[in-house]
Each structure stands twice: as C-alpha cells, then as structure tokens.
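Remarks on the structure that follows.
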Amino acid sequence: MNAPPHDHVAPENGGILSLLKRTWWTGRQYDAMCMTPQRLRRGQEERLRHLIDIARARSPYYREKFRDVPPGCTDLTQFPVTTKADMMAHFDDVVTDPAVTREGVEQFISDTRNVSRSFLGKYCVAHTSGSQGQPTLIVQDQLVLDLLFAFQMTRGNPAFRGLKRFTQIVRNVFNPTRVAVLISQQGFFPSAWVWQRLPKYMHCYMRFLFLPANDPDLVAKLNDFRPMVVTATPTTLDLLSLKIDQLRFPDLRQAVTWSETLTEPARRRISEAFQVPVMDNYAMGECIFLTNGCATATGAHINADCVIVEVVDDQNRPVPHGQLGHKVLITNLANTVQPFIRYEIGDRLVMATEPCRCGNHLPRIEKLLGRAADFFWVNTAAGFRPLTAYPFQHAFDYLREIREWQAEQVERNRLLVRLEPVPATTPDLKKARHRLEERLAITGMQADLDIEFQTVSHLATDAHTAKFRRMISRVGIPDDLDPSLKEVASDFALFQA
Ligand SMILES: [Zn+2]
C-alpha cells in the first residue's frame, strides 16, 4: 500500500539533484488545472481507493465505521459521515499509526517551542480554530505541507501560466519572488504554523519577510522589503490598505488572503488600494491546501486532484452546483495518518456552474457563507469600523478552561463578554482579558472599547432561532454610517440571513 507514484516527492537533502527533482514535482502540480474532468476523476479515484484501503487496514475507527460498505467501493455517498466530535472522541482509533495518541499530541502542542519540531520525529501537528469550543487536533505528513506550497507557487500564482511558467522558474532563481507574510497569531494555528514547515528548496525561488500584523514599524519594514506578494488575513490587509499613501510597493503582483471569509466589498477595497488581484485561499486545518484563489472571479478553485468536496444539505444529500449547501463534506486524499473521510464542515458554499474565465479547469467555489462573520460596528477616531468575531475566537478558543464564549455589544463601544468554563474549572479572567486585548490591539480598536467579563455556568441558545450566537448586538448598524461603508453593512445583513 505505497502512496500513488505521483505523490512521491524527492527527499530534501540539500543536493542539486533533490532540488531539481523537487522543482520538477512542483511544476507538475500545474497540470491539474488543465485536466479534463474525466482525467481528474481518475486521479481522484486512485487516491481515494488508496486512502480507504489504509483507513480500513490501520484505523480501528474507520474499519468499524465502514463495516457495511462493500470492499473496493469508491462511491463516497455509500460511506457514513464523520463529525468533528466523533473525530476527537475517537482520536486514538482514527489515526493509522498507533504511536500517535491524543494525549501525546496535546502534550506536544502545549509547549509552543515545539512549533518548528516534528511530532515523533516525523509528523506535522496543528490544531484548528475551535468554533465549537474545542479545537480539532491534526496530524499529517510533510507531503500535505509540500502540496500546500507547491499549489501556491503554481496554481495560486497568476504569473505562473502557460509557457511563461518555464521562464518564470529560471527568472526566480536570479530574482527570487519577495513574499511578505503578515502573521496575526502565533502557535499551532495552521495559518501561523505552516510557515515553520516551508520546504527548504523554496528558498531558492522565494525570499520571505515574516512580520506580526501589529508590528509598530510595519509600513517601514514592508517598504524596505518591496514585496512582490503580500499575504495576510483579509482584516489585516483591509487595515493595511488604509495606509496605502505611506506604502511603496512598486513590484507588487498579487495579494493572498486566508483564514477568514473575504467579503466582496473587502476584496474590492483591497484590490483597488493595492492595484493587484486578491487571491483568496479558502481552507481549514483539516485540509490546508483545499483551494487557491482566482485572479479573475470570486471564490476559489478546489485542488480537486487531492481533495473531494461534497456540498450537501442537512441530510447529507448532494446539492447541485449553483445552489447554496447546508454544509460540506471534505475527504482529504493526501493525509493517510489521520484520515478525514466525508468529514463534516459547517461552512455553506455555492459551487460555480460555468467554466472559469481564468482558464483553471479545477472546480470553483463561487460563494462562501458562514464562518464567524457576524460583526459589531464600533465608533473609533477614524469613524465606524466593523469588529469581527475573530479576535474573540482567537483569544478564547485555546484557553483550555473555557468551553464557550459570547460577546454582547450593550452600547456602541461597550461590550460584555460571557465565558462558560469547562465543568469543574475556574477560568482565569485576567488571562482571558489579556488575550483578548492582544487580539484587539491588532485590529487597532482596543483603546475604543470598554469590556466587562463575566463567568456564567451555561450559555444558552437564542430563544427565537434556537441557534447559539456568539456575537449579539443590542445597538445594530449605526444610522449615520458613512455611505462608503453601507455595502459592508449589507454584507452584514447577508450573513445574518
Ligand atoms: Zn478562476
């Protein structure tokens, strides 16, 4: 049960032969963008068969779960779905290497000095943003990371198109692409941690500048570096675009966003400010290479040679392209250590019905709803600004003694944060406040807000909608909102729906 031959990456030993082999392998990742749907499906099926074989042979959880599915079957709709709660409850039985245990992984990630080390000497580990109060642990091979960077260089790079791509590789050796990476969180969050796993050979083709998004000298450092690519969360880029008059980016070719939902108004603002296409990568810790953004259309193209995305309704029945699904089921074909097979993700997607003008044949997600998209309008010195759920989520999701949180905007600039502790624990409110203030400092809104903290034994769902809401506003959208921000407010209405 070896990996399908096309997944083999030359070992990285620093030698010239290894560099050439890896460069060749990276360049080949371009091919899937030009494949016919039939050829793409064949590759998908080959990898799926391999993944299911491994899961059945080495994962007690999947062996039991797939007991009633006939051997050799690769029709995914015949397989039961796995939720995040199942995955975490049966973690030790899900993984295909018995040396990997939940306890071992938790211990490993509790020490942030391990962020650049391999777990058990070979695995890459991370945890997701736990929107349900508990983060998911992820264990994978370096292959997953290699694919992420190779896709970014080829599929996520509008300069790497057609025959131009061969000259681009040569040109990059003499004039490496300068990539500025603005990090808004540290630790084992995928968006921060993946950079620790950058394959060394990439440094032949690219130069990197890593900066915390709240660096006081951000503008000067960026201007010195003269980035060709700038990559950050949409919120960070949106804020940076406000300083466009001070920024000198003569060589900038593209902006890449990740980790949060990029709304259409935000894309337009960023793209107009920087005068470059914005490529929005939609992904999650469970499949970090899921998509690459598109330079000509909204949404992102799914890297369907290595992942299967099913858009389904609430009964897990397929939803046709062009219609909004209730959730998605992800099958990551590259992770054989911790298989994610029909793994449920709560995001709501619409798949595009037409071939994309950019020429990439891979299926495109046209619209993405969901994620922590609610926000509060806060009055700052610079006028009304939206405060998203992310600072709260990033601050509280990894405080182990906090099971759930809720933020209520009681007055325009006054918030009440309620924290529900894990039973039999007492949350450290001082620490929670400190974490939140750190996150709010990045948004530049910390000084404008007056925040009160409360510990409650149980946070209940909304009596009207029966849904749990983390962001509740008692004041809503300001009446005297600047007309240029009105479309952001209409986004808000969209996400409220
Ligand atoms: Zn496209």
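By convention in this document, the chains of the structure tokens carry letters A, B, ... by their order, each chain's residues are numbered from 1, and ligands are numbered from 1 in the order they are shown.
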
Residues at most 8 Å from ligand 1, using only C-alpha atoms and all ligand atoms? Could they come as a compact mmCIF listing (two decimals) with C-alpha atoms, in the first residue's frame?
# COMPACT_ATOMS: atom_id res chain seq x y z
CA GLY A 293 -7.89 31.85 -5.06
CA CYS A 294 -8.82 33.04 -8.52
CA ALA A 295 -7.48 36.27 -10.04
CA THR A 296 -10.49 36.90 -12.27
CA ALA A 297 -13.53 35.62 -10.39
CA THR A 298 -14.89 35.42 -6.87
CA ALA A 300 -11.52 29.89 -5.08
CA HIS A 301 -10.63 26.80 -7.13
CA CYS A 356 -13.93 29.95 -15.10
CA ARG A 357 -12.57 32.73 -17.33
CA CYS A 358 -9.13 32.41 -15.75
CA GLY A 359 -8.56 29.12 -17.60
CA ASN A 360 -8.20 26.97 -14.47
CA HIS A 361 -10.31 23.84 -15.08
CA ARG A 364 -14.59 26.76 -8.36

- [ ] Check the DSSP output for the backbone and give back, as an MDAnalysis selection string, the residues of segment 97-260 of chain A in helix (DSSP H, G or I).
- [x] chainID A and resid 102:109 112:116 142:154 164:174 190:197 200:204 218:225 234:241 244:246

Open item on the list: Report, in Å with one decimal, the straight-line distance from atom CA of Gln140 of chain A to atom CA of Phe160 of chain A.
Closed with: 27.8 Å

When DSSP works through the backbone of this structure, what residues of segment 174-269 of chain A end up as strand (DSSP E or B), shown as a PDB file with all heavy atoms, in the first residue's frame?
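Output contents, as saved in part07.pdb:
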ATOM      1  N   THR A 177      11.151  35.639  -5.853  1.00  0.00           N
ATOM      2  CA  THR A 177       9.916  36.352  -5.513  1.00  0.00           C
ATOM      3  C   THR A 177       9.958  36.762  -4.037  1.00  0.00           C
ATOM      4  O   THR A 177      10.238  35.933  -3.173  1.00  0.00           O
ATOM      5  CB  THR A 177       8.701  35.433  -5.767  1.00  0.00           C
ATOM      6  OG1 THR A 177       8.715  35.037  -7.132  1.00  0.00           O
ATOM      7  CG2 THR A 177       7.395  36.145  -5.464  1.00  0.00           C
ATOM      8  N   ARG A 178       9.701  38.037  -3.772  1.00  0.00           N
ATOM      9  CA  ARG A 178       9.717  38.511  -2.377  1.00  0.00           C
ATOM     10  C   ARG A 178       8.296  38.436  -1.812  1.00  0.00           C
ATOM     11  O   ARG A 178       7.390  39.096  -2.312  1.00  0.00           O
ATOM     12  CB  ARG A 178      10.258  39.939  -2.309  1.00  0.00           C
ATOM     13  CG  ARG A 178      11.736  40.045  -2.716  1.00  0.00           C
ATOM     14  CD  ARG A 178      12.273  41.450  -2.502  1.00  0.00           C
ATOM     15  NE  ARG A 178      11.574  42.450  -3.297  1.00  0.00           N
ATOM     16  CZ  ARG A 178      11.822  42.688  -4.599  1.00  0.00           C
ATOM     17  NH1 ARG A 178      12.748  42.007  -5.252  1.00  0.00           N
ATOM     18  NH2 ARG A 178      11.132  43.609  -5.241  1.00  0.00           N
ATOM     19  N   VAL A 179       8.155  37.605  -0.778  1.00  0.00           N
ATOM     20  CA  VAL A 179       6.832  37.369  -0.198  1.00  0.00           C
ATOM     21  C   VAL A 179       6.792  37.929   1.224  1.00  0.00           C
ATOM     22  O   VAL A 179       7.583  37.516   2.074  1.00  0.00           O
ATOM     23  CB  VAL A 179       6.505  35.852  -0.157  1.00  0.00           C
ATOM     24  CG1 VAL A 179       5.098  35.613   0.397  1.00  0.00           C
ATOM     25  CG2 VAL A 179       6.659  35.225  -1.535  1.00  0.00           C
ATOM     26  N   ALA A 180       5.895  38.871   1.469  1.00  0.00           N
ATOM     27  CA  ALA A 180       5.714  39.401   2.830  1.00  0.00           C
ATOM     28  C   ALA A 180       4.554  38.661   3.485  1.00  0.00           C
ATOM     29  O   ALA A 180       3.457  38.619   2.942  1.00  0.00           O
ATOM     30  CB  ALA A 180       5.426  40.889   2.788  1.00  0.00           C
ATOM     31  N   VAL A 181       4.834  38.050   4.630  1.00  0.00           N
ATOM     32  CA  VAL A 181       3.811  37.282   5.336  1.00  0.00           C
ATOM     33  C   VAL A 181       3.480  38.009   6.637  1.00  0.00           C
ATOM     34  O   VAL A 181       4.339  38.180   7.495  1.00  0.00           O
ATOM     35  CB  VAL A 181       4.325  35.863   5.671  1.00  0.00           C
ATOM     36  CG1 VAL A 181       3.230  35.043   6.333  1.00  0.00           C
ATOM     37  CG2 VAL A 181       4.843  35.156   4.422  1.00  0.00           C
ATOM     38  N   LEU A 182       2.239  38.465   6.766  1.00  0.00           N
ATOM     39  CA  LEU A 182       1.815  39.156   7.987  1.00  0.00           C
ATOM     40  C   LEU A 182       1.055  38.170   8.855  1.00  0.00           C
ATOM     41  O   LEU A 182       0.007  37.656   8.468  1.00  0.00           O
ATOM     42  CB  LEU A 182       0.929  40.358   7.649  1.00  0.00           C
ATOM     43  CG  LEU A 182       1.512  41.309   6.602  1.00  0.00           C
ATOM     44  CD1 LEU A 182       0.590  42.499   6.382  1.00  0.00           C
ATOM     45  CD2 LEU A 182       2.894  41.790   7.011  1.00  0.00           C
ATOM     46  N   ILE A 183       1.619  37.883  10.007  1.00  0.00           N
ATOM     47  CA  ILE A 183       1.058  36.853  10.881  1.00  0.00           C
ATOM     48  C   ILE A 183       0.255  37.529  11.984  1.00  0.00           C
ATOM     49  O   ILE A 183       0.757  38.413  12.662  1.00  0.00           O
ATOM     50  CB  ILE A 183       2.192  36.037  11.547  1.00  0.00           C
ATOM     51  CG1 ILE A 183       3.169  35.522  10.485  1.00  0.00           C
ATOM     52  CG2 ILE A 183       1.634  34.942  12.432  1.00  0.00           C
ATOM     53  CD1 ILE A 183       2.992  34.128  10.026  1.00  0.00           C
ATOM     54  N   MET A 206      12.243  31.940  -3.574  1.00  0.00           N
ATOM     55  CA  MET A 206      11.499  32.992  -2.880  1.00  0.00           C
ATOM     56  C   MET A 206      12.285  33.522  -1.696  1.00  0.00           C
ATOM     57  O   MET A 206      13.070  32.812  -1.081  1.00  0.00           O
ATOM     58  CB  MET A 206      10.156  32.435  -2.394  1.00  0.00           C
ATOM     59  CG  MET A 206       9.208  32.143  -3.537  1.00  0.00           C
ATOM     60  SD  MET A 206       7.575  31.730  -2.932  1.00  0.00           S
ATOM     61  CE  MET A 206       7.700  29.969  -2.844  1.00  0.00           C
ATOM     62  N   ARG A 207      12.058  34.798  -1.403  1.00  0.00           N
ATOM     63  CA  ARG A 207      12.587  35.398  -0.171  1.00  0.00           C
ATOM     64  C   ARG A 207      11.381  35.763   0.677  1.00  0.00           C
ATOM     65  O   ARG A 207      10.384  36.273   0.139  1.00  0.00           O
ATOM     66  CB  ARG A 207      13.364  36.682  -0.481  1.00  0.00           C
ATOM     67  CG  ARG A 207      14.624  36.473  -1.276  1.00  0.00           C
ATOM     68  CD  ARG A 207      15.793  36.074  -0.382  1.00  0.00           C
ATOM     69  NE  ARG A 207      16.990  35.783  -1.183  1.00  0.00           N
ATOM     70  CZ  ARG A 207      17.249  34.599  -1.757  1.00  0.00           C
ATOM     71  NH1 ARG A 207      16.387  33.600  -1.639  1.00  0.00           N
ATOM     72  NH2 ARG A 207      18.340  34.420  -2.457  1.00  0.00           N
ATOM     73  N   PHE A 208      11.497  35.524   1.975  1.00  0.00           N
ATOM     74  CA  PHE A 208      10.337  35.771   2.843  1.00  0.00           C
ATOM     75  C   PHE A 208      10.626  36.843   3.880  1.00  0.00           C
ATOM     76  O   PHE A 208      11.742  36.942   4.388  1.00  0.00           O
ATOM     77  CB  PHE A 208       9.935  34.481   3.566  1.00  0.00           C
ATOM     78  CG  PHE A 208       9.398  33.438   2.636  1.00  0.00           C
ATOM     79  CD1 PHE A 208      10.251  32.504   2.051  1.00  0.00           C
ATOM     80  CD2 PHE A 208       8.057  33.393   2.318  1.00  0.00           C
ATOM     81  CE1 PHE A 208       9.772  31.550   1.170  1.00  0.00           C
ATOM     82  CE2 PHE A 208       7.567  32.433   1.449  1.00  0.00           C
ATOM     83  CZ  PHE A 208       8.428  31.513   0.869  1.00  0.00           C
ATOM     84  N   LEU A 209       9.610  37.608   4.180  1.00  0.00           N
ATOM     85  CA  LEU A 209       9.668  38.527   5.318  1.00  0.00           C
ATOM     86  C   LEU A 209       8.455  38.205   6.177  1.00  0.00           C
ATOM     87  O   LEU A 209       7.312  38.353   5.737  1.00  0.00           O
ATOM     88  CB  LEU A 209       9.611  39.987   4.848  1.00  0.00           C
ATOM     89  CG  LEU A 209       9.525  41.029   5.970  1.00  0.00           C
ATOM     90  CD1 LEU A 209      10.820  41.102   6.772  1.00  0.00           C
ATOM     91  CD2 LEU A 209       9.196  42.412   5.402  1.00  0.00           C
ATOM     92  N   PHE A 210       8.708  37.737   7.405  1.00  0.00           N
ATOM     93  CA  PHE A 210       7.609  37.431   8.320  1.00  0.00           C
ATOM     94  C   PHE A 210       7.478  38.569   9.324  1.00  0.00           C
ATOM     95  O   PHE A 210       8.453  38.940   9.973  1.00  0.00           O
ATOM     96  CB  PHE A 210       7.887  36.124   9.065  1.00  0.00           C
ATOM     97  CG  PHE A 210       7.970  34.934   8.152  1.00  0.00           C
ATOM     98  CD1 PHE A 210       9.199  34.447   7.733  1.00  0.00           C
ATOM     99  CD2 PHE A 210       6.827  34.316   7.689  1.00  0.00           C
ATOM    100  CE1 PHE A 210       9.283  33.351   6.872  1.00  0.00           C
ATOM    101  CE2 PHE A 210       6.899  33.226   6.833  1.00  0.00           C
ATOM    102  CZ  PHE A 210       8.123  32.738   6.423  1.00  0.00           C
ATOM    103  N   LEU A 211       6.285  39.108   9.432  1.00  0.00           N
ATOM    104  CA  LEU A 211       6.070  40.220  10.362  1.00  0.00           C
ATOM    105  C   LEU A 211       4.777  40.004  11.136  1.00  0.00           C
ATOM    106  O   LEU A 211       3.773  39.584  10.554  1.00  0.00           O
ATOM    107  CB  LEU A 211       5.923  41.530   9.589  1.00  0.00           C
ATOM    108  CG  LEU A 211       7.170  42.164   8.982  1.00  0.00           C
ATOM    109  CD1 LEU A 211       6.767  43.348   8.124  1.00  0.00           C
ATOM    110  CD2 LEU A 211       8.138  42.604  10.074  1.00  0.00           C
ATOM    111  N   PRO A 212       4.783  40.284  12.444  1.00  0.00           N
ATOM    112  CA  PRO A 212       3.494  40.273  13.145  1.00  0.00           C
ATOM    113  C   PRO A 212       2.638  41.430  12.627  1.00  0.00           C
ATOM    114  O   PRO A 212       3.165  42.520  12.351  1.00  0.00           O
ATOM    115  CB  PRO A 212       3.877  40.492  14.615  1.00  0.00           C
ATOM    116  CG  PRO A 212       5.307  40.874  14.646  1.00  0.00           C
ATOM    117  CD  PRO A 212       5.920  40.668  13.302  1.00  0.00           C
ATOM    118  N   VAL A 229       4.633  39.791  -3.415  1.00  0.00           N
ATOM    119  CA  VAL A 229       3.409  39.145  -2.957  1.00  0.00           C
ATOM    120  C   VAL A 229       3.234  39.522  -1.493  1.00  0.00           C
ATOM    121  O   VAL A 229       4.211  39.500  -0.738  1.00  0.00           O
ATOM    122  CB  VAL A 229       3.510  37.604  -3.075  1.00  0.00           C
ATOM    123  CG1 VAL A 229       2.267  36.926  -2.516  1.00  0.00           C
ATOM    124  CG2 VAL A 229       3.746  37.174  -4.516  1.00  0.00           C
ATOM    125  N   VAL A 230       2.011  39.878  -1.111  1.00  0.00           N
ATOM    126  CA  VAL A 230       1.760  40.112   0.305  1.00  0.00           C
ATOM    127  C   VAL A 230       0.627  39.188   0.729  1.00  0.00           C
ATOM    128  O   VAL A 230      -0.360  39.026   0.017  1.00  0.00           O
ATOM    129  CB  VAL A 230       1.493  41.606   0.620  1.00  0.00           C
ATOM    130  CG1 VAL A 230       0.362  42.178  -0.192  1.00  0.00           C
ATOM    131  CG2 VAL A 230       1.242  41.818   2.098  1.00  0.00           C
ATOM    132  N   THR A 231       0.832  38.502   1.857  1.00  0.00           N
ATOM    133  CA  THR A 231      -0.156  37.525   2.274  1.00  0.00           C
ATOM    134  C   THR A 231      -0.527  37.737   3.740  1.00  0.00           C
ATOM    135  O   THR A 231       0.335  37.936   4.586  1.00  0.00           O
ATOM    136  CB  THR A 231       0.301  36.075   1.954  1.00  0.00           C
ATOM    137  OG1 THR A 231      -0.540  35.162   2.637  1.00  0.00           O
ATOM    138  CG2 THR A 231       1.742  35.810   2.337  1.00  0.00           C
ATOM    139  N   ALA A 232      -1.835  37.738   4.023  1.00  0.00           N
ATOM    140  CA  ALA A 232      -2.354  38.050   5.366  1.00  0.00           C
ATOM    141  C   ALA A 232      -3.825  37.697   5.427  1.00  0.00           C
ATOM    142  O   ALA A 232      -4.416  37.308   4.414  1.00  0.00           O
ATOM    143  CB  ALA A 232      -2.179  39.538   5.644  1.00  0.00           C
ATOM    144  N   GLN A 254       0.525  40.473  -6.503  1.00  0.00           N
ATOM    145  CA  GLN A 254      -0.721  39.888  -6.014  1.00  0.00           C
ATOM    146  C   GLN A 254      -0.790  39.936  -4.488  1.00  0.00           C
ATOM    147  O   GLN A 254       0.233  40.026  -3.802  1.00  0.00           O
ATOM    148  CB  GLN A 254      -0.879  38.443  -6.482  1.00  0.00           C
ATOM    149  CG  GLN A 254       0.122  37.493  -5.853  1.00  0.00           C
ATOM    150  CD  GLN A 254      -0.144  36.045  -6.225  1.00  0.00           C
ATOM    151  OE1 GLN A 254       0.652  35.410  -6.911  1.00  0.00           O
ATOM    152  NE2 GLN A 254      -1.251  35.506  -5.752  1.00  0.00           N
ATOM    153  N   ALA A 255      -2.017  39.883  -3.985  1.00  0.00           N
ATOM    154  CA  ALA A 255      -2.242  39.749  -2.549  1.00  0.00           C
ATOM    155  C   ALA A 255      -2.916  38.401  -2.336  1.00  0.00           C
ATOM    156  O   ALA A 255      -3.740  37.976  -3.145  1.00  0.00           O
ATOM    157  CB  ALA A 255      -3.135  40.874  -2.054  1.00  0.00           C
ATOM    158  N   VAL A 256      -2.531  37.708  -1.268  1.00  0.00           N
ATOM    159  CA  VAL A 256      -3.132  36.406  -0.965  1.00  0.00           C
ATOM    160  C   VAL A 256      -3.748  36.493   0.418  1.00  0.00           C
ATOM    161  O   VAL A 256      -3.092  36.920   1.372  1.00  0.00           O
ATOM    162  CB  VAL A 256      -2.075  35.277  -0.997  1.00  0.00           C
ATOM    163  CG1 VAL A 256      -2.715  33.932  -0.675  1.00  0.00           C
ATOM    164  CG2 VAL A 256      -1.379  35.218  -2.349  1.00  0.00           C
ATOM    165  N   THR A 257      -5.022  36.129   0.530  1.00  0.00           N
ATOM    166  CA  THR A 257      -5.681  36.164   1.841  1.00  0.00           C
ATOM    167  C   THR A 257      -6.043  34.749   2.262  1.00  0.00           C
ATOM    168  O   THR A 257      -6.217  33.859   1.429  1.00  0.00           O
ATOM    169  CB  THR A 257      -6.955  37.025   1.805  1.00  0.00           C
ATOM    170  OG1 THR A 257      -7.803  36.543   0.754  1.00  0.00           O
ATOM    171  CG2 THR A 257      -6.636  38.480   1.550  1.00  0.00           C
TER     172      THR A 257
END

TODO: Give me the residues within 12 Å of segment 86-92 of chain A as a ChimeraX atom specification, counting only C-alpha atoms and dropping any in the same chain fewer than 2 places off.
DONE: /A:58-62,64-65,80-84,94-106,127-128,130,134-139,286,337-344

- [ ] Rounded to one decimal place, report the atom CA of Leu324 of chain A-atom CA of Asn303 of chain A distance in Å.
- [x]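 For atom CA of Leu324 of chain A relative to atom CA of Asn303 of chain A, the distance reads 20.2 Å.
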
TODO: Kindly give the distance, in Å, that separates atom CA of Leu252 of chain A and atom CA of Pro227 of chain A, rounded to a single decimal.
DONE: 5.8 Å

- [ ] Choose the residue, out of A:Met202, A:Asp428, A:Leu290, A:Met35, that has the smallest atom-to-atom separation from Met153 of chain A; count only C-alpha atoms.
- [x]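 Counting only C-alpha atoms, the residue closest to Met153 of chain A is A:Met202.
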
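All residues of protein, DNA or RNA that reach within 10 Å of Asp141 of chain A, judged by only C-alpha atoms and not counting those fewer than 4 positions away in the chain, are Ser118, Lys122, Tyr123, Cys124, Val125, Leu145, Asp146, Ala334, Asn335, Thr336, Val337 and Gln338 of chain A.
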
Please provide the set of residues having any atom within 7 Å of Phe289 of chain A, restricted to only C-alpha atoms, with same-chain residues fewer than 3 positions apart removed, written as a compact mmCIF listing (two decimals) with C-alpha atoms, in the first residue's frame.
# COMPACT_ATOMS: atom_id res chain seq x y z
CA LEU A 147 1.40 20.24 -1.62
CA LEU A 148 0.25 23.46 0.03
CA ALA A 283 -9.11 26.25 3.59

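Of the residues under consideration (A:Arg165, A:Gln393, A:Arg253, A:Trp193), A:Trp193 shows the shortest atom-to-atom contact distance to Arg117 of chain A when counting only C-alpha atoms.
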
TODO: Quick one: everything within 8 Å of segment 18-33 of chain A, counting only C-alpha atoms, minus sequence neighbours fewer than 5 positions away in the same chain. Send it as a PyMOL selection string.
DONE: chain A and resi 9-13+40+150-151+153-155+201+305+359-362
